[in-house]
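See below for the structure under consideration.
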Amino acid sequence: MPNVFCVRAEFGQYASTFRTEGYVAIGWLNEADLGHFTTEQYEALRSLYALNHPGAGPLSIGQNVGQIARFLFEIQKGDIVVTPTLENEKLAVGKVTSDYYYEKDSACPFPHRKRVQWCPDPVLRSALSVPLQNTLRSSLTVYRIRQSDEMARAAGFAVAETKVAHTERDLYDQVLERLLQLSADEFELLVTDLLTSIGFQAEHIGRPGDGGIDVSGTLNVYTFATVELRVQVKRYSRGAPIGPKVIRDFRGSVPENSQAAFVATCEFNKKAYDEAIKPGFKRIGLVDGRHLVDILVEHYESLSPGLRDKLRLRKALVPEE
């Protein structure tokens with residue numbers, strides 16, 4: 001399995017250029033061709049960076065030189081690269097097809113480049129597992145993505161299933177089956193508890209005539225911002241993905257000043273994801289069964305004792321291969 005790396009494009013500003021021109025690139029040391037450096041010359045690379053950035057502190061130098069070295073030496077032909085686009089929800093993904101080369105032009109200010117064959121379709125960030133979404137929040141420009149199999153599979157690359165992956169899928173299935181044993185009201189209370197554990201002041205609203213809103217929450221992030229959230233919760237049997245009409249209908253019940261999320265035990269199809277991020281309309285966060293299990297694992301101990309007694313789950317360790 002090839003390694004997978006994220007290479008950011010100035011908050012997505014140059015992702016379109018990367019895709020159009022068929023490369024991925026970084027800046028720093030823009031006036032120097034770095035093609036002659038080898039892995040044994042890390043200190044020389046560090047000295048060159050310090051010379052060109054005389055005001056930089058040791059921490060900044062170490063972090064940035066580490067990212068340059070990762071781009072130069074670790075990203076190899078055949079590896080997969082991920083680049084967030086201006087539409088933050090969409091990720092460009094492709095396979096590296098060349099070694100490092102140096103090129104300056106007016107299309108992109110980053111001259112340190114590697115050729116990439118980009119996949120025709122982007123990957124939706126919200127369709128990825130919660131741990132992978134958390135990895136993609138890193139502020140680094142160049143970093144390795146640990147969940148390589150999942151990222152490659154999401155982009156359409158062939159990935160052989162490992163014993164660990166099979167075990168993890170079985171565990172997900174077993175937890176989801178346990179969630180499906182909850183009543184509709186208990187499931188809504190579970191989502192309310194999870195929102196509370198994340199930091200929301202959450203209230204269970206679900207009742208006849210609720211207008212599609214099952215859970216309401218307010219998140220006050222110190223004095224920086226206040227987030228109002230309205231959530232619809234559906235305990236659907238697995239195997240029948242939710243389509244776009246359900247998302248459109250829910251959107252119509254969400255107040256204008258609120259964020260919105262749809263939580264379900266089943267999956268959402270591609271058209272539902274497209275509808276959820278449709279330009280010009282309120283974005284709907286989609287949390288499917290796999291996402292829900294990820295969140296449950298992280299916050300299980302914060303659930304009310306009654307729900308924990310009902311679910312009867314415990315965390316388990318799964319060895320890496």
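Residues in the structure tokens are named by chain (A, B, ... in the order shown) and by number from 1 within that chain; ligands are numbered from 1 in the order shown.
Residues with any atom within 9 Å of stretch 156-160 of chain A, counting only C-alpha atoms and excluding same-chain neighbours fewer than 4 positions away, are Met1, Cys119, Asp149, Glu150, Met151 and Ala152 of chain A.
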Take the selection from the previous step and output its residues with C-alpha atoms, as a PDB file, in the first residue's frame.
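See result-v3.pdb below for the written result:
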```pdb
ATOM      1  CA  MET A   1       0.000   0.000   0.000  1.00  0.00           C
ATOM      2  CA  CYS A 119      -8.385  11.562  -9.807  1.00  0.00           C
ATOM      3  CA  ASP A 149      -6.117   2.504   3.351  1.00  0.00           C
ATOM      4  CA  GLU A 150      -9.287   4.474   4.016  1.00  0.00           C
ATOM      5  CA  MET A 151      -8.109   7.533   2.085  1.00  0.00           C
ATOM      6  CA  ALA A 152      -6.998   5.445  -0.882  1.00  0.00           C
TER       7      ALA A 152
END
```
Problem - Who sits within 9 Å of stretch 230-243 of chain A, only C-alpha atoms, same chain under 6 positions skipped, as a PyMOL selection string - result: chain A and resi 176+179-180+182-184+187-188+191+206+212-218+250+254-255+258-273+275+289
Give me, as CSV, each residue of stretch 69-135 of chain A that comes within 12 Å of stretch 139-143 of chain A, together with its shortest interatomic pair and the distance in Å at one decimal, counting only C-alpha atoms, with rows ordered by chain and rising residue number.
```
residue,atom,partner,partner_atom,distance
A:Ala69,CA,A:Val142,CA,9.5
A:Arg70,CA,A:Val142,CA,7.1
A:Phe71,CA,A:Val142,CA,6.8
A:Leu72,CA,A:Val142,CA,10.5
A:Phe73,CA,A:Val142,CA,12.0
A:Glu74,CA,A:Tyr143,CA,9.9
A:Ile75,CA,A:Val142,CA,9.8
A:Ile80,CA,A:Tyr143,CA,11.9
A:Val81,CA,A:Val142,CA,9.7
A:Val82,CA,A:Val142,CA,9.8
A:Thr83,CA,A:Thr141,CA,9.7
A:Pro84,CA,A:Thr141,CA,10.6
A:Asn134,CA,A:Ser139,CA,11.0
A:Thr135,CA,A:Tyr143,CA,9.5
```
Handout entry: Members of stretch 220-288 of chain A assigned strand (DSSP E or B) by DSSP, as number ranges by chain
Key = A: 220-221, 225-234, 242, 259-264, 268, 284-287
Output of the above residues as an mmCIF file, in the first residue's frame, restricted to N, CA and C atoms:
```cif
data_model
loop_
_atom_site.group_PDB
_atom_site.id
_atom_site.type_symbol
_atom_site.label_atom_id
_atom_site.label_comp_id
_atom_site.auth_asym_id
_atom_site.auth_seq_id
_atom_site.Cartn_x
_atom_site.Cartn_y
_atom_site.Cartn_z
ATOM 1 N N ASN A 220 -21.285 27.486 23.165
ATOM 2 C CA ASN A 220 -20.679 28.799 23.417
ATOM 3 C C ASN A 220 -19.182 28.606 23.574
ATOM 4 N N VAL A 221 -18.418 29.031 22.568
ATOM 5 C CA VAL A 221 -16.970 28.850 22.570
ATOM 6 C C VAL A 221 -16.337 30.076 23.223
ATOM 7 N N ALA A 225 -17.466 32.720 19.799
ATOM 8 C CA ALA A 225 -18.609 32.464 18.932
ATOM 9 C C ALA A 225 -19.640 31.616 19.669
ATOM 10 N N THR A 226 -20.871 31.735 19.209
ATOM 11 C CA THR A 226 -21.955 30.891 19.685
ATOM 12 C C THR A 226 -22.566 30.169 18.496
ATOM 13 N N VAL A 227 -22.688 28.857 18.606
ATOM 14 C CA VAL A 227 -23.212 28.040 17.511
ATOM 15 C C VAL A 227 -24.549 27.449 17.926
ATOM 16 N N GLU A 228 -25.575 27.730 17.138
ATOM 17 C CA GLU A 228 -26.880 27.112 17.332
ATOM 18 C C GLU A 228 -26.996 25.927 16.372
ATOM 19 N N LEU A 229 -27.370 24.777 16.875
ATOM 20 C CA LEU A 229 -27.428 23.561 16.061
ATOM 21 C C LEU A 229 -28.790 22.896 16.200
ATOM 22 N N ARG A 230 -29.341 22.480 15.064
ATOM 23 C CA ARG A 230 -30.584 21.722 15.049
ATOM 24 C C ARG A 230 -30.310 20.381 14.374
ATOM 25 N N VAL A 231 -30.770 19.294 14.995
ATOM 26 C CA VAL A 231 -30.402 17.952 14.545
ATOM 27 C C VAL A 231 -31.656 17.110 14.322
ATOM 28 N N GLN A 232 -31.673 16.403 13.196
ATOM 29 C CA GLN A 232 -32.682 15.367 12.979
ATOM 30 C C GLN A 232 -31.997 14.015 13.149
ATOM 31 N N VAL A 233 -32.668 13.094 13.820
ATOM 32 C CA VAL A 233 -32.093 11.797 14.177
ATOM 33 C C VAL A 233 -32.984 10.688 13.622
ATOM 34 N N LYS A 234 -32.380 9.750 12.886
ATOM 35 C CA LYS A 234 -33.146 8.654 12.315
ATOM 36 C C LYS A 234 -32.463 7.319 12.598
ATOM 37 N N ILE A 242 -29.784 6.779 2.709
ATOM 38 C CA ILE A 242 -30.656 7.947 2.637
ATOM 39 C C ILE A 242 -30.316 8.761 1.389
ATOM 40 N N GLN A 259 -27.159 26.210 12.557
ATOM 41 C CA GLN A 259 -26.484 25.158 11.809
ATOM 42 C C GLN A 259 -27.361 23.904 11.864
ATOM 43 N N ALA A 260 -27.071 22.937 11.014
ATOM 44 C CA ALA A 260 -27.934 21.760 10.955
ATOM 45 C C ALA A 260 -27.113 20.497 10.750
ATOM 46 N N ALA A 261 -27.609 19.396 11.317
ATOM 47 C CA ALA A 261 -26.966 18.094 11.131
ATOM 48 C C ALA A 261 -28.040 17.012 11.085
ATOM 49 N N PHE A 262 -27.759 15.973 10.295
ATOM 50 C CA PHE A 262 -28.656 14.827 10.167
ATOM 51 C C PHE A 262 -27.875 13.603 10.623
ATOM 52 N N VAL A 263 -28.377 12.917 11.658
ATOM 53 C CA VAL A 263 -27.693 11.759 12.241
ATOM 54 C C VAL A 263 -28.517 10.515 11.951
ATOM 55 N N ALA A 264 -27.872 9.484 11.404
ATOM 56 C CA ALA A 264 -28.583 8.256 11.063
ATOM 57 C C ALA A 264 -27.691 7.047 11.304
ATOM 58 N N PHE A 268 -25.515 7.478 3.797
ATOM 59 C CA PHE A 268 -26.084 8.442 2.869
ATOM 60 C C PHE A 268 -25.513 8.156 1.488
ATOM 61 N N ILE A 284 -25.806 21.045 5.435
ATOM 62 C CA ILE A 284 -26.288 20.060 6.398
ATOM 63 C C ILE A 284 -25.150 19.092 6.712
ATOM 64 N N GLY A 285 -24.750 19.018 7.964
ATOM 65 C CA GLY A 285 -23.746 18.038 8.355
ATOM 66 C C GLY A 285 -24.364 16.648 8.397
ATOM 67 N N LEU A 286 -23.701 15.688 7.770
ATOM 68 C CA LEU A 286 -24.221 14.328 7.726
ATOM 69 C C LEU A 286 -23.373 13.413 8.609
ATOM 70 N N VAL A 287 -24.019 12.738 9.530
ATOM 71 C CA VAL A 287 -23.352 11.801 10.436
ATOM 72 C C VAL A 287 -23.990 10.436 10.214
#
```
Handout entry: DSSP alpha helix (DSSP H) residues within stretch 48-197 of chain A, as a PyMOL selection string
Key = chain A and resi 48-52+58-69+130-135+148-155+163-180+184-197
Would you put the residues from that selection into a file with C-alpha atoms, as a PDB file, in the first residue's frame?
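Writing done, so here's out-v9.pdb:
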```
ATOM      1  CA  LEU A  48      20.027  27.171   4.127  1.00  0.00           C
ATOM      2  CA  TYR A  49      16.589  27.823   5.585  1.00  0.00           C
ATOM      3  CA  ALA A  50      18.026  29.678   8.599  1.00  0.00           C
ATOM      4  CA  LEU A  51      20.178  31.813   6.281  1.00  0.00           C
ATOM      5  CA  ASN A  52      17.139  32.807   4.217  1.00  0.00           C
ATOM      6  CA  PRO A  58      14.420  27.304  16.316  1.00  0.00           C
ATOM      7  CA  LEU A  59      10.901  25.854  16.605  1.00  0.00           C
ATOM      8  CA  SER A  60       9.735  27.473  13.369  1.00  0.00           C
ATOM      9  CA  ILE A  61      12.900  26.418  11.546  1.00  0.00           C
ATOM     10  CA  GLY A  62      12.617  22.815  12.734  1.00  0.00           C
ATOM     11  CA  GLN A  63       8.948  22.508  11.780  1.00  0.00           C
ATOM     12  CA  ASN A  64       9.282  24.090   8.324  1.00  0.00           C
ATOM     13  CA  VAL A  65      12.489  22.309   7.365  1.00  0.00           C
ATOM     14  CA  GLY A  66      10.895  19.063   8.466  1.00  0.00           C
ATOM     15  CA  GLN A  67       8.026  19.672   6.052  1.00  0.00           C
ATOM     16  CA  ILE A  68      10.378  20.575   3.209  1.00  0.00           C
ATOM     17  CA  ALA A  69      12.378  17.382   3.832  1.00  0.00           C
ATOM     18  CA  VAL A 130     -14.128  10.856  12.194  1.00  0.00           C
ATOM     19  CA  PRO A 131     -10.476   9.913  12.972  1.00  0.00           C
ATOM     20  CA  LEU A 132      -9.472  10.688   9.377  1.00  0.00           C
ATOM     21  CA  GLN A 133     -11.383  13.973   9.423  1.00  0.00           C
ATOM     22  CA  ASN A 134      -9.501  14.875  12.609  1.00  0.00           C
ATOM     23  CA  THR A 135      -6.171  14.046  10.923  1.00  0.00           C
ATOM     24  CA  SER A 148      -3.842   5.418   4.270  1.00  0.00           C
ATOM     25  CA  ASP A 149      -6.117   2.504   3.351  1.00  0.00           C
ATOM     26  CA  GLU A 150      -9.287   4.474   4.016  1.00  0.00           C
ATOM     27  CA  MET A 151      -8.109   7.533   2.085  1.00  0.00           C
ATOM     28  CA  ALA A 152      -6.998   5.445  -0.882  1.00  0.00           C
ATOM     29  CA  ARG A 153     -10.260   3.498  -0.923  1.00  0.00           C
ATOM     30  CA  ALA A 154     -12.320   6.706  -0.757  1.00  0.00           C
ATOM     31  CA  ALA A 155     -10.486   8.002  -3.847  1.00  0.00           C
ATOM     32  CA  LYS A 163      -7.208  -8.788   8.824  1.00  0.00           C
ATOM     33  CA  VAL A 164      -7.280  -5.691  11.054  1.00  0.00           C
ATOM     34  CA  ALA A 165      -9.599  -3.832   8.675  1.00  0.00           C
ATOM     35  CA  HIS A 166     -11.933  -6.826   8.610  1.00  0.00           C
ATOM     36  CA  THR A 167     -11.932  -6.975  12.414  1.00  0.00           C
ATOM     37  CA  GLU A 168     -12.628  -3.247  12.688  1.00  0.00           C
ATOM     38  CA  ARG A 169     -15.549  -3.532  10.279  1.00  0.00           C
ATOM     39  CA  ASP A 170     -16.978  -6.407  12.305  1.00  0.00           C
ATOM     40  CA  LEU A 171     -16.733  -4.301  15.471  1.00  0.00           C
ATOM     41  CA  TYR A 172     -18.480  -1.375  13.773  1.00  0.00           C
ATOM     42  CA  ASP A 173     -21.240  -3.708  12.641  1.00  0.00           C
ATOM     43  CA  GLN A 174     -21.723  -5.121  16.125  1.00  0.00           C
ATOM     44  CA  VAL A 175     -21.951  -1.659  17.719  1.00  0.00           C
ATOM     45  CA  LEU A 176     -24.419  -0.476  15.080  1.00  0.00           C
ATOM     46  CA  GLU A 177     -26.586  -3.532  15.689  1.00  0.00           C
ATOM     47  CA  ARG A 178     -26.608  -2.633  19.383  1.00  0.00           C
ATOM     48  CA  LEU A 179     -27.670   0.948  18.525  1.00  0.00           C
ATOM     49  CA  LEU A 180     -30.520  -0.386  16.401  1.00  0.00           C
ATOM     50  CA  ALA A 184     -36.384   5.814  18.638  1.00  0.00           C
ATOM     51  CA  ASP A 185     -36.642   7.898  21.815  1.00  0.00           C
ATOM     52  CA  GLU A 186     -33.565   6.256  23.370  1.00  0.00           C
ATOM     53  CA  PHE A 187     -31.598   6.838  20.194  1.00  0.00           C
ATOM     54  CA  GLU A 188     -32.486  10.544  20.221  1.00  0.00           C
ATOM     55  CA  LEU A 189     -31.415  10.710  23.883  1.00  0.00           C
ATOM     56  CA  LEU A 190     -28.111   9.081  22.914  1.00  0.00           C
ATOM     57  CA  VAL A 191     -27.435  11.816  20.347  1.00  0.00           C
ATOM     58  CA  THR A 192     -28.422  14.439  22.939  1.00  0.00           C
ATOM     59  CA  ASP A 193     -25.899  12.959  25.392  1.00  0.00           C
ATOM     60  CA  LEU A 194     -23.164  12.903  22.748  1.00  0.00           C
ATOM     61  CA  LEU A 195     -23.743  16.572  21.907  1.00  0.00           C
ATOM     62  CA  THR A 196     -23.574  17.412  25.614  1.00  0.00           C
ATOM     63  CA  SER A 197     -20.277  15.538  25.965  1.00  0.00           C
TER      64      SER A 197
END
```
Exercise for the section: Compare A:Ala107, A:Ile295, A:Ala56, A:Leu307 by their minimum atom-to-atom distance to A:Gln13, counting only C-alpha atoms, and give me the closest one. Expected result: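 With only C-alpha atoms as the atom set, the closest residue is A:Ala107.
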Practice task
Rounded to one decimal place, report the atom CA of A:Trp28-atom CA of A:Phe110 distance in Å.
Solution key: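 About the pair atom CA of A:Trp28 and atom CA of A:Phe110: they are 7.8 Å apart.
The residue that comes closest to A:Asp99, out of A:Gln76, A:Gln41, A:Asn30, A:Thr20 and on the basis of only C-alpha atoms, is A:Gln76.
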